[in-house]
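*Asks:* This is target_0.cif (mmCIF, C-alpha atoms).
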```
data_final
#
loop_
_atom_site.label_atom_id
_atom_site.label_comp_id
_atom_site.auth_asym_id
_atom_site.auth_seq_id
_atom_site.Cartn_x
_atom_site.Cartn_y
_atom_site.Cartn_z
CA MET A 1 -19.58 141.29 79.53
CA ARG A 2 -19.93 141.34 83.32
CA ARG A 3 -22.41 138.45 83.07
CA LEU A 4 -19.99 136.46 80.84
CA GLY A 5 -17.10 136.99 83.25
CA TYR A 6 -19.25 135.92 86.16
CA LEU A 7 -20.19 132.68 84.37
CA LEU A 8 -16.54 131.88 83.64
CA MET A 9 -15.55 132.40 87.28
CA LEU A 10 -18.43 130.17 88.43
CA MET A 11 -17.34 127.32 86.11
CA MET A 12 -13.74 127.51 87.36
CA VAL A 13 -14.90 127.26 90.98
CA MET A 14 -17.07 124.19 90.19
CA VAL A 15 -14.18 122.39 88.42
CA GLY A 16 -11.90 123.10 91.36
CA CYS A 17 -14.46 121.66 93.78
CA ASN A 18 -14.84 118.49 91.73
CA ASN A 19 -11.05 117.95 91.68
CA HIS A 20 -10.90 118.51 95.43
CA ASN A 21 -13.57 115.81 96.04
CA GLU A 22 -11.77 113.09 94.01
CA LYS A 23 -10.12 110.46 96.28
CA PRO A 24 -6.44 109.89 95.64
CA GLU A 25 -5.52 106.40 94.36
CA ILE A 26 -3.75 104.19 96.95
CA ALA A 27 -1.16 101.77 95.59
CA ASP A 28 -1.91 98.12 96.47
CA ASN A 29 1.42 96.64 97.55
CA THR A 30 -0.12 93.39 98.86
CA VAL A 31 1.85 90.33 97.62
CA LYS A 32 -0.52 87.61 96.48
CA VAL A 33 0.91 84.14 97.22
CA LYS A 34 -0.20 81.47 94.78
CA ALA A 35 -1.29 78.25 96.47
CA PRO A 36 1.01 75.32 95.59
CA ALA A 37 -0.37 72.91 93.04
CA LEU A 38 -1.71 69.66 94.42
CA VAL A 39 0.63 66.76 93.77
CA LYS A 40 -1.11 63.39 93.68
CA GLU A 41 0.74 60.09 93.39
CA PHE A 42 0.09 56.53 94.53
CA GLY A 43 -3.43 57.62 95.54
CA PHE A 44 -2.17 60.18 98.09
CA VAL A 45 -1.94 63.98 98.11
CA LEU A 46 1.80 64.36 98.63
CA ASN A 47 1.41 67.98 99.80
CA ASP A 48 0.05 66.60 103.07
CA TYR A 49 3.24 64.71 103.91
CA GLU A 50 6.98 64.94 104.17
CA VAL A 51 8.01 62.75 101.23
CA VAL A 52 11.13 60.58 101.40
CA ARG A 53 12.26 58.91 98.15
CA ASP A 54 15.06 56.36 98.06
CA THR A 55 16.11 53.01 96.59
CA ILE A 56 16.86 49.65 98.19
CA ARG A 57 20.58 49.58 98.93
CA SER A 58 22.95 46.70 99.65
CA GLY A 59 22.33 45.49 103.21
CA ASP A 60 18.89 47.12 103.44
CA SER A 61 15.93 45.26 104.88
CA PHE A 62 12.32 46.31 105.31
CA GLY A 63 12.74 46.44 109.08
CA LEU A 64 16.01 48.37 108.89
CA ILE A 65 14.47 51.00 106.60
CA LEU A 66 11.48 51.50 108.91
CA GLY A 67 13.73 51.59 111.99
CA THR A 68 15.93 54.23 110.36
CA HIS A 69 12.84 56.40 109.98
CA GLY A 70 11.79 56.07 113.60
CA VAL A 71 9.39 53.12 113.67
CA ASP A 72 9.49 51.24 117.00
CA PRO A 73 10.92 47.65 116.79
CA ASN A 74 7.74 46.18 118.32
CA LYS A 75 5.68 48.01 115.70
CA ILE A 76 7.98 46.69 112.95
CA PHE A 77 7.43 43.12 114.20
CA GLU A 78 3.65 43.67 114.12
CA ILE A 79 3.79 45.17 110.61
CA VAL A 80 5.93 42.35 109.17
CA ASN A 81 3.59 39.67 110.57
CA LYS A 82 0.52 41.39 109.15
CA VAL A 83 1.78 42.06 105.62
CA ARG A 84 4.03 39.10 104.79
CA ASP A 85 1.29 37.10 103.00
CA THR A 86 0.82 39.95 100.48
CA PHE A 87 4.17 41.73 100.65
CA ASN A 88 7.13 39.51 101.55
CA PRO A 89 9.69 41.88 103.17
CA ARG A 90 12.46 39.36 102.45
CA ARG A 91 11.97 39.74 98.70
CA ILE A 92 12.63 43.43 98.32
CA VAL A 93 15.04 43.82 95.41
CA LEU A 94 18.27 45.79 95.34
CA GLY A 95 17.85 49.00 93.34
CA LYS A 96 14.05 49.14 93.51
CA PRO A 97 12.69 52.60 94.47
CA TYR A 98 10.51 53.20 97.51
CA VAL A 99 8.66 56.16 99.04
CA ILE A 100 7.89 56.93 102.69
CA LEU A 101 5.16 59.42 103.60
CA LYS A 102 5.72 61.03 107.00
CA ASP A 103 3.98 63.57 109.23
CA ARG A 104 5.02 67.15 108.52
CA ASP A 105 5.46 67.91 112.24
CA SER A 106 8.59 67.63 114.37
CA ALA A 107 7.95 63.95 115.12
CA ALA A 108 7.94 63.07 111.39
CA THR A 109 6.10 59.80 112.08
CA PRO A 110 6.04 57.45 109.04
CA HIS A 111 2.48 56.73 107.88
CA VAL A 112 2.94 54.91 104.58
CA PHE A 113 5.65 52.80 102.91
CA ILE A 114 5.35 52.43 99.12
CA TYR A 115 7.45 49.84 97.27
CA GLU A 116 7.67 50.20 93.48
CA ASN A 117 7.59 46.66 92.09
CA ASP A 118 8.15 47.97 88.56
CA LEU A 119 7.35 51.03 86.46
CA VAL A 120 3.60 50.40 86.72
CA ASN A 121 2.86 48.25 89.78
CA TYR A 122 3.44 49.28 93.38
CA THR A 123 2.68 47.98 96.88
CA VAL A 124 1.35 50.25 99.66
CA VAL A 125 2.00 49.30 103.30
CA ASP A 126 -0.19 51.50 105.53
CA LEU A 127 1.69 51.80 108.83
CA ARG A 128 -1.05 53.56 110.78
CA ASP A 129 -3.11 52.07 113.63
CA SER A 130 -4.76 49.35 111.57
CA VAL A 131 -1.82 48.09 109.52
CA SER A 132 -2.85 47.07 105.99
CA VAL A 133 -1.25 46.33 102.63
CA TYR A 134 -2.48 46.42 99.03
CA THR A 135 -1.12 46.51 95.50
CA ALA A 136 -2.11 49.03 92.84
CA LYS A 137 -1.13 50.34 89.41
CA LYS A 138 -0.11 53.78 88.21
CA PRO A 139 -2.42 55.31 85.59
CA VAL A 140 -1.31 54.02 82.21
CA THR A 141 -2.29 55.29 78.79
CA ILE A 142 -1.83 53.39 75.54
CA ALA A 143 -0.50 55.05 72.39
CA LYS A 144 -0.71 53.36 68.99
CA ARG A 145 2.37 53.59 66.75
CA THR A 146 3.29 52.45 63.25
CA VAL A 147 6.79 51.84 61.91
CA SER A 148 8.68 50.21 59.09
CA GLY A 149 12.26 49.04 58.80
CA VAL A 150 14.76 47.44 56.44
CA ILE A 151 17.31 44.79 57.42
CA ASN A 152 20.95 45.61 56.70
CA SER A 153 22.55 43.19 59.16
CA SER A 154 20.15 42.16 61.97
CA LEU A 155 16.62 42.75 63.23
CA THR A 156 17.91 44.37 66.43
CA GLU A 157 20.03 46.84 64.45
CA ALA A 158 17.10 47.68 62.16
CA ILE A 159 14.90 48.34 65.21
CA GLN A 160 17.58 50.55 66.80
CA ASP A 161 18.03 52.44 63.51
CA GLU A 162 14.39 53.50 63.84
CA GLY A 163 15.01 54.71 67.40
CA LEU A 164 12.80 51.98 68.87
CA SER A 165 13.09 49.81 71.97
CA TYR A 166 14.97 46.52 71.59
CA LEU A 167 11.87 44.95 73.21
CA ILE A 168 10.15 45.20 69.82
CA ALA A 169 12.84 42.98 68.30
CA HIS A 170 12.33 40.54 71.17
CA GLU A 171 8.55 40.50 70.62
CA MET A 172 8.95 39.98 66.88
CA SER A 173 11.37 37.11 67.47
CA ASN A 174 8.78 35.44 69.69
CA ILE A 175 5.95 35.96 67.22
CA TYR A 176 7.84 34.62 64.19
CA GLN A 177 10.13 32.08 65.86
CA TRP A 178 8.48 29.16 64.01
CA SER A 179 8.18 30.99 60.68
CA ILE A 180 11.45 32.89 60.24
CA ASP A 181 15.03 32.03 61.21
CA PHE A 182 16.26 35.39 62.51
CA PHE A 183 19.87 34.19 62.42
CA ARG A 184 19.58 33.87 58.63
CA LEU A 185 17.92 37.10 57.62
CA GLN A 186 18.85 38.54 54.24
CA LYS A 187 19.91 42.10 53.52
CA GLY A 188 16.84 43.86 52.16
CA ASP A 189 14.32 41.91 54.25
CA ARG A 190 11.84 44.41 55.65
CA PHE A 191 8.94 44.75 58.05
CA LYS A 192 5.94 46.89 59.00
CA LEU A 193 4.38 47.08 62.45
CA VAL A 194 1.28 48.39 64.17
CA TYR A 195 1.99 48.31 67.90
CA ASN A 196 1.01 49.88 71.21
CA GLU A 197 3.23 51.59 73.79
CA ARG A 198 2.46 52.21 77.46
CA TYR A 199 2.98 55.59 79.13
CA ILE A 200 2.64 56.50 82.81
CA ASN A 201 0.91 59.85 83.33
CA ASP A 202 1.02 60.35 79.54
CA SER A 203 4.76 61.07 79.64
CA ILE A 204 6.91 58.28 81.15
CA TYR A 205 7.60 55.45 78.71
CA ALA A 206 6.68 52.10 80.30
CA GLY A 207 7.41 49.61 77.53
CA ILE A 208 5.54 47.74 74.81
CA GLU A 209 1.92 46.76 75.41
CA ASN A 210 1.66 44.50 72.37
CA ILE A 211 2.13 44.24 68.63
CA GLU A 212 -1.32 44.40 67.03
CA ALA A 213 -0.26 43.49 63.51
CA SER A 214 2.87 43.00 61.47
CA VAL A 215 4.11 41.84 58.13
CA PHE A 216 7.69 40.65 57.63
CA TYR A 217 9.02 40.30 54.09
CA HIS A 218 11.65 37.55 54.18
CA GLY A 219 13.07 36.74 50.77
CA ASP A 220 10.17 38.81 49.34
CA LYS A 221 7.62 36.44 50.88
CA PRO A 222 5.20 38.23 53.24
CA TYR A 223 4.64 36.72 56.71
CA TYR A 224 1.62 38.27 58.40
CA ALA A 225 0.84 38.19 62.13
CA PHE A 226 -2.30 39.45 63.85
CA ASN A 227 -2.99 39.52 67.59
CA PHE A 228 -6.42 38.04 68.34
CA MET A 229 -8.28 37.20 71.56
CA VAL A 230 -9.08 33.49 71.48
CA ASP A 231 -10.72 33.31 74.92
CA SER A 232 -12.84 36.26 76.05
CA THR A 233 -13.22 34.78 79.57
CA SER A 234 -9.49 34.53 80.34
CA GLY A 235 -8.44 37.31 77.94
CA GLU A 236 -5.95 34.92 76.31
CA ARG A 237 -4.55 36.17 72.99
CA ASP A 238 -2.35 34.65 70.33
CA TYR A 239 -0.94 35.40 66.86
CA TYR A 240 -2.35 34.07 63.60
CA ASP A 241 -1.58 34.66 59.93
CA GLU A 242 -3.79 36.14 57.21
CA LYS A 243 -5.51 32.76 56.79
CA ALA A 244 -6.25 32.33 60.52
CA ARG A 245 -3.51 29.72 60.97
CA PRO A 246 -1.63 29.80 64.32
CA LEU A 247 1.95 31.09 64.16
CA GLN A 248 2.91 29.50 67.45
CA SER A 249 3.85 25.87 67.97
CA PHE A 250 2.74 23.72 70.88
CA PHE A 251 6.34 24.33 72.09
CA LEU A 252 8.45 27.48 72.13
CA LYS A 253 11.56 27.09 70.03
CA ALA A 254 13.85 27.98 72.96
CA PRO A 255 13.43 28.22 76.74
CA LEU A 256 14.95 31.70 77.00
CA ASN A 257 16.22 34.74 75.15
CA PHE A 258 19.66 33.26 74.48
CA THR A 259 22.99 34.57 73.24
CA ARG A 260 23.97 31.47 71.27
CA ILE A 261 23.64 27.68 71.19
CA SER A 262 26.89 26.59 72.82
CA SER A 263 26.35 22.85 72.44
CA ARG A 264 23.78 20.81 70.53
CA PHE A 265 22.22 17.40 71.14
CA SER A 266 24.89 14.83 70.29
CA PRO A 267 25.33 11.06 70.74
CA ARG A 268 29.00 11.69 71.63
CA ARG A 269 30.96 14.75 72.73
CA PHE A 270 33.88 15.58 75.05
CA HIS A 271 32.52 16.78 78.40
CA PRO A 272 34.47 19.92 79.46
CA VAL A 273 34.10 19.23 83.20
CA GLN A 274 34.29 15.43 83.39
CA GLN A 275 37.05 15.39 80.75
CA ARG A 276 35.71 12.34 78.93
CA TRP A 277 33.66 11.45 75.87
CA LYS A 278 29.96 10.87 76.52
CA ALA A 279 26.54 11.51 74.99
CA HIS A 280 25.09 15.00 75.36
CA LYS A 281 21.34 14.54 75.36
CA GLY A 282 20.40 18.19 75.54
CA THR A 283 20.81 21.59 73.90
CA ASP A 284 22.92 24.19 75.73
CA TYR A 285 21.84 27.82 75.42
CA ALA A 286 24.48 30.33 76.59
CA ALA A 287 23.05 33.45 78.25
CA PRO A 288 24.03 35.96 80.96
CA HIS A 289 23.70 34.89 84.59
CA GLY A 290 20.17 35.62 85.84
CA THR A 291 18.45 35.51 82.43
CA PRO A 292 14.85 34.29 82.94
CA ILE A 293 14.14 30.72 81.80
CA TRP A 294 10.58 29.95 80.72
CA SER A 295 8.54 26.81 80.21
CA THR A 296 8.38 25.94 76.51
CA ALA A 297 4.80 24.61 76.80
CA ASN A 298 1.90 24.26 79.22
CA GLY A 299 2.34 21.51 81.79
CA VAL A 300 2.85 20.40 85.40
CA VAL A 301 6.15 20.62 87.29
CA ILE A 302 7.09 17.04 88.23
CA ALA A 303 10.49 17.95 89.73
CA SER A 304 12.10 21.10 91.13
CA SER A 305 15.29 20.08 92.87
CA TYR A 306 19.10 19.96 92.97
CA THR A 307 21.67 17.29 92.12
CA ALA A 308 25.45 17.43 91.88
CA GLY A 309 25.39 17.02 88.11
CA ASN A 310 22.25 18.95 87.14
CA GLY A 311 22.58 21.72 89.70
CA ASN A 312 19.26 23.48 90.21
CA TYR A 313 16.82 21.98 87.73
CA VAL A 314 13.12 21.85 86.83
CA LYS A 315 11.33 19.07 84.97
CA ILE A 316 7.87 19.57 83.38
CA LYS A 317 5.40 16.99 82.04
CA HIS A 318 3.38 18.52 79.19
CA ASN A 319 1.13 15.60 78.26
CA GLY A 320 1.33 11.84 77.80
CA THR A 321 3.95 12.26 75.06
CA TYR A 322 6.28 15.16 75.91
CA THR A 323 8.42 16.12 78.93
CA THR A 324 11.12 18.80 79.21
CA GLN A 325 13.91 19.53 81.70
CA TYR A 326 15.98 22.67 82.40
CA LEU A 327 19.39 22.36 84.13
CA HIS A 328 22.09 24.48 85.87
CA MET A 329 19.76 27.23 87.11
CA SER A 330 21.04 29.84 89.56
CA LYS A 331 17.59 29.82 91.17
CA ARG A 332 14.34 27.90 90.69
CA ALA A 333 11.04 29.83 90.53
CA VAL A 334 8.47 27.00 90.64
CA LYS A 335 7.61 24.09 92.95
CA GLN A 336 6.78 20.45 92.31
CA GLY A 337 3.10 20.01 91.47
CA GLN A 338 2.72 23.58 90.19
CA ARG A 339 0.86 24.06 86.90
CA VAL A 340 2.65 26.35 84.42
CA LYS A 341 1.76 27.93 81.10
CA GLN A 342 3.92 28.37 78.03
CA GLY A 343 6.24 31.32 78.64
CA ASP A 344 5.96 31.29 82.46
CA ILE A 345 9.28 31.94 84.21
CA ILE A 346 10.43 28.76 85.95
CA GLY A 347 13.97 29.78 86.95
CA TYR A 348 17.06 31.81 86.07
CA VAL A 349 20.28 31.04 84.20
CA GLY A 350 23.23 29.99 86.32
CA SER A 351 26.16 27.58 86.34
CA THR A 352 25.25 25.19 89.16
CA GLY A 353 26.19 21.51 88.92
CA LEU A 354 28.60 20.35 86.21
CA ALA A 355 28.76 23.59 84.23
CA THR A 356 31.70 25.70 83.11
CA GLY A 357 29.73 28.89 82.58
CA PRO A 358 26.22 30.38 82.69
CA HIS A 359 23.80 28.50 80.43
CA VAL A 360 20.72 26.29 80.51
CA CYS A 361 20.82 22.71 79.29
CA TYR A 362 17.41 22.00 77.74
CA ARG A 363 16.41 18.34 77.58
CA PHE A 364 13.45 16.95 75.69
CA TRP A 365 11.65 13.61 76.02
CA LYS A 366 9.20 12.05 73.56
CA ASN A 367 7.43 8.90 74.78
CA GLY A 368 10.05 8.49 77.51
CA VAL A 369 13.08 8.76 75.18
CA GLN A 370 15.42 11.78 75.11
CA VAL A 371 15.45 13.28 71.62
CA ASP A 372 16.69 16.37 69.77
CA PRO A 373 13.74 18.83 69.69
CA PHE A 374 15.12 20.41 66.50
CA ARG A 375 14.59 17.11 64.67
CA GLN A 376 11.00 16.59 65.80
CA ASN A 377 7.85 17.33 63.86
CA LEU A 378 6.26 19.09 66.82
CA PRO A 379 2.52 19.75 67.00
CA ALA A 380 1.15 23.19 66.21
CA ALA A 381 -0.76 25.32 68.67
CA GLU A 382 -4.54 25.07 68.91
CA PRO A 383 -6.28 26.66 65.89
CA ILE A 384 -8.97 29.31 66.23
CA GLU A 385 -12.36 27.74 66.93
CA ASP A 386 -14.62 27.75 63.89
CA LYS A 387 -17.17 29.99 65.60
CA TYR A 388 -14.54 32.77 65.94
CA ILE A 389 -13.27 32.64 62.33
CA PRO A 390 -15.70 35.30 60.96
CA SER A 391 -14.82 37.63 63.87
CA TYR A 392 -11.12 37.10 63.18
CA PHE A 393 -11.33 38.08 59.50
CA ALA A 394 -13.47 41.10 60.38
CA ALA A 395 -10.90 42.19 63.00
CA ILE A 396 -7.83 41.89 60.77
CA GLU A 397 -9.24 43.63 57.70
CA PRO A 398 -8.67 47.21 58.98
CA LEU A 399 -5.24 46.17 60.31
CA LYS A 400 -4.21 44.87 56.89
CA THR A 401 -5.32 48.19 55.41
CA GLU A 402 -3.30 50.08 58.03
CA LEU A 403 -0.20 47.98 57.31
CA GLY A 404 -0.63 48.69 53.59
CA LYS A 405 -0.51 52.44 54.21
CA ILE A 406 2.83 52.30 56.05
CA GLU A 407 5.67 53.36 53.77
CA PHE A 408 9.29 52.25 53.90
CA LYS A 409 11.74 55.02 54.67
CA GLU A 410 14.52 53.56 52.55
CA PRO A 411 14.44 52.28 48.97
CA ILE A 412 14.36 48.49 48.79
#
```
Could you render the structure as structure tokens?
*Replies:*
Amino acid sequence: MRRLGYLLMLMMVMVGCNNHNEKPEIADNTVKVKAPALVKEFGFVLNDYEVVRDTIRSGDSFGLILGTHGVDPNKIFEIVNKVRDTFNPRRIVLGKPYVILKDRDSAATPHVFIYENDLVNYTVVDLRDSVSVYTAKKPVTIAKRTVSGVINSSLTEAIQDEGLSYLIAHEMSNIYQWSIDFFRLQKGDRFKLVYNERYINDSIYAGIENIEASVFYHGDKPYYAFNFMVDSTSGERDYYDEKARPLQSFFLKAPLNFTRISSRFSPRRFHPVQQRWKAHKGTDYAAPHGTPIWSTANGVVIASSYTAGNGNYVKIKHNGTYTTQYLHMSKRAVKQGQRVKQGDIIGYVGSTGLATGPHVCYRFWKNGVQVDPFRQNLPAAEPIEDKYIPSYFAAIEPLKTELGKIEFKEPI
């Protein structure tokens, strides 16, 4: 018994010693600060700078903006002279956003001026010792979409009913302008589309890239359109039907996205400004002031000028047969001798000269005689070269299958 008691006492002493040797836990109250995430934009790490974001306001100029942020007037003069061939400071546009990257010290010296030309393109003016300028693009991703719609009143309304951008309606109008009269659509007409959208940084919508394929059922007749590259060197693309026939004409049907035809070609009409009867040898397209006007076909600008009657006007020779003219512009965008392509912007809608409101008067010559373009049997666009025909049919086959799988959301 004595030996058992002795062993018990010895065990208790050993346990007590072990507890005494254990180190007490010390609470770690250190606050761990997480490093800020790197923010990269326009090719710069924004964390390294004081970032100023603003928009061009009324009365702003490039020099005034830089001066407001502490750039010396002599330095501004040097910068303007160095960059004006690439970035014209006089053409900054009201409402466009810009960014200035400045030192994060007390001097806050501006290092970089970034002008956002549009959602994708931007111009960087490096203000540091060796002043330089370059243009760049934000990273853009392309997402493929499919959609169908049914006409109840108009194409635009059908597009909006699907929650889509009105730009799709505009693109479709351009594609089918020689096949379908969109002012005479029938209730129940319907369409299917395979198209691509652009996104900046995978999240910011940046518009329509293109329509890859579509079929429009007008009066139950299907009108197919497929986008195909006809020149791999230039990257030029155009739309063709299921039999490889071009949908486009040599001429666009109209020189702008217009509101309405306010006056047609007529041998005799009452002039609202001159207050007398006279021939009207043009077609007037009413549109909001500033609407872009585009060349209806490839050609060379043979006149870009101003007269009291025509206002600002542009005249384009397309070949030995056809010439067109565009009157009453608010501003001209091309010069005499300049070569233009179909769809290039040549000016903007205005009411200069003898005009009562904003519109463009579109005049059309055939063999030197002014004619009504709506009454002409105009030439079609160039067909696909024979050597590309097999590639075309191979390219459209999967697109036709994809269109066939798209279902209409409403009963026809």
*Asks:* Report as a PyMOL selection string the full result of the PyMOL selection byres ((chain A and resi 362) around 8) when it is applied to this structure.
*Replies:* chain A and resi 255+282-285+324-327+360-361+363-364
*Asks:* Starting from the PyMOL selection byres ((chain A and resi 152-154) around 9), expand the selection into actual residues of this file and give them as a list in words.
*Replies:*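 Given this file, the PyMOL selection byres ((chain A and resi 152-154) around 9) evaluates to Val150, Ile151, Leu155, Thr156, Glu157, Ala158, Ile159, Phe182, Phe183, Arg184, Leu185, Gln186, Lys187, Gly188 and Asp189 of chain A.
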*Asks:* Could you list, as a PyMOL selection string, every residue matched by the PyMOL selection byres ((chain A and resi 112-117) around 7) in this structure?
*Replies:* chain A and resi 96-101+110-111+118+121-127
*Asks:* Generate the output file for the selected residues, C-alpha atoms, as a CSV table (one decimal), in the frame of the given file.
*Replies:*
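So the final result, stored in again24.csv, reads:
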```csv
chain,number,residue,atom,x,y,z
A,96,LYS,CA,14.0,49.1,93.5
A,97,PRO,CA,12.7,52.6,94.5
A,98,TYR,CA,10.5,53.2,97.5
A,99,VAL,CA,8.7,56.2,99.0
A,100,ILE,CA,7.9,56.9,102.7
A,101,LEU,CA,5.2,59.4,103.6
A,110,PRO,CA,6.0,57.4,109.0
A,111,HIS,CA,2.5,56.7,107.9
A,118,ASP,CA,8.2,48.0,88.6
A,121,ASN,CA,2.9,48.2,89.8
A,122,TYR,CA,3.4,49.3,93.4
A,123,THR,CA,2.7,48.0,96.9
A,124,VAL,CA,1.4,50.2,99.7
A,125,VAL,CA,2.0,49.3,103.3
A,126,ASP,CA,-0.2,51.5,105.5
A,127,LEU,CA,1.7,51.8,108.8
```
*Asks:* Which one is closest to Arg198 in chain A: A:Arg145, A:Phe226, A:Tyr49, A:Asp241? Count all atoms listed in the file.
*Replies:* A:Arg145
*Asks:* Could you give me, as an NGL selection string, the residues within 9 Å of Tyr392 in chain A, counting all atoms listed in the file and dropping anything in the same chain fewer than 6 positions from it?
*Replies:* :A and (228-229 or 244 or 384)
*Asks:* May I ask which of the residues A:Phe77, A:Tyr388, A:Tyr166, A:Tyr240 is the closest one to Ile208 in chain A, counting all atoms listed in the file?
*Replies:* A:Tyr166
*Asks:* Let me make sure I understand: among A:Asp344, A:Ala169, A:Pro246, A:Pro36, which one has the smallest atom-to-atom distance to Val230 in chain A if we use all atoms listed in the file?
*Replies:*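 Looking at the shortest contact to Val230 in chain A, the residue is A:Pro246.
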*Asks:* Which is closest to Trp365 in chain A among A:Asn81, A:Ser179, A:Thr291, A:Asn319, if we use all atoms listed in the file?
*Replies:* A:Asn319
*Asks:* Please produce range 137-151 of chain A, completed to N, CA, C and O atoms, as an mmCIF file, keeping the file's coordinate frame.
*Replies:*
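Below is the file that was written, out_0.cif:
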```
data_model
loop_
_atom_site.group_PDB
_atom_site.id
_atom_site.type_symbol
_atom_site.label_atom_id
_atom_site.label_comp_id
_atom_site.auth_asym_id
_atom_site.auth_seq_id
_atom_site.Cartn_x
_atom_site.Cartn_y
_atom_site.Cartn_z
ATOM 1 N N LYS A 137 -1.828 49.999 90.641
ATOM 2 C CA LYS A 137 -1.130 50.340 89.410
ATOM 3 C C LYS A 137 -1.175 51.845 89.182
ATOM 4 O O LYS A 137 -2.166 52.498 89.517
ATOM 5 N N LYS A 138 -0.106 52.374 88.617
ATOM 6 C CA LYS A 138 -0.110 53.780 88.210
ATOM 7 C C LYS A 138 -0.987 53.932 86.981
ATOM 8 O O LYS A 138 -1.154 52.975 86.210
ATOM 9 N N PRO A 139 -1.583 55.112 86.785
ATOM 10 C CA PRO A 139 -2.420 55.310 85.590
ATOM 11 C C PRO A 139 -1.595 55.177 84.319
ATOM 12 O O PRO A 139 -0.560 55.841 84.165
ATOM 13 N N VAL A 140 -2.045 54.311 83.446
ATOM 14 C CA VAL A 140 -1.310 54.020 82.210
ATOM 15 C C VAL A 140 -2.179 54.348 81.009
ATOM 16 O O VAL A 140 -3.359 53.995 80.963
ATOM 17 N N THR A 141 -1.597 55.034 80.052
ATOM 18 C CA THR A 141 -2.290 55.290 78.790
ATOM 19 C C THR A 141 -1.588 54.525 77.675
ATOM 20 O O THR A 141 -0.387 54.249 77.750
ATOM 21 N N ILE A 142 -2.357 54.161 76.668
ATOM 22 C CA ILE A 142 -1.830 53.390 75.540
ATOM 23 C C ILE A 142 -1.806 54.266 74.299
ATOM 24 O O ILE A 142 -2.792 54.927 73.979
ATOM 25 N N ALA A 143 -0.654 54.271 73.624
ATOM 26 C CA ALA A 143 -0.500 55.050 72.390
ATOM 27 C C ALA A 143 -0.179 54.098 71.234
ATOM 28 O O ALA A 143 0.735 53.280 71.338
ATOM 29 N N LYS A 144 -0.950 54.209 70.158
ATOM 30 C CA LYS A 144 -0.710 53.360 68.990
ATOM 31 C C LYS A 144 0.366 53.980 68.108
ATOM 32 O O LYS A 144 0.384 55.181 67.879
ATOM 33 N N ARG A 145 1.286 53.143 67.623
ATOM 34 C CA ARG A 145 2.370 53.590 66.750
ATOM 35 C C ARG A 145 2.428 52.701 65.503
ATOM 36 O O ARG A 145 1.997 51.549 65.528
ATOM 37 N N THR A 146 3.003 53.242 64.449
ATOM 38 C CA THR A 146 3.290 52.450 63.250
ATOM 39 C C THR A 146 4.749 52.702 62.858
ATOM 40 O O THR A 146 5.278 53.794 63.078
ATOM 41 N N VAL A 147 5.379 51.699 62.292
ATOM 42 C CA VAL A 147 6.790 51.840 61.910
ATOM 43 C C VAL A 147 7.121 50.843 60.823
ATOM 44 O O VAL A 147 6.441 49.820 60.667
ATOM 45 N N SER A 148 8.148 51.152 60.071
ATOM 46 C CA SER A 148 8.680 50.210 59.090
ATOM 47 C C SER A 148 10.194 50.184 59.229
ATOM 48 O O SER A 148 10.791 51.098 59.798
ATOM 49 N N GLY A 149 10.808 49.133 58.727
ATOM 50 C CA GLY A 149 12.260 49.040 58.800
ATOM 51 C C GLY A 149 12.805 48.104 57.742
ATOM 52 O O GLY A 149 12.076 47.259 57.198
ATOM 53 N N VAL A 150 14.084 48.260 57.440
ATOM 54 C CA VAL A 150 14.760 47.440 56.440
ATOM 55 C C VAL A 150 15.991 46.811 57.078
ATOM 56 O O VAL A 150 16.738 47.470 57.803
ATOM 57 N N ILE A 151 16.189 45.520 56.831
ATOM 58 C CA ILE A 151 17.310 44.790 57.420
ATOM 59 C C ILE A 151 18.587 45.035 56.609
ATOM 60 O O ILE A 151 18.616 44.803 55.400
#
```
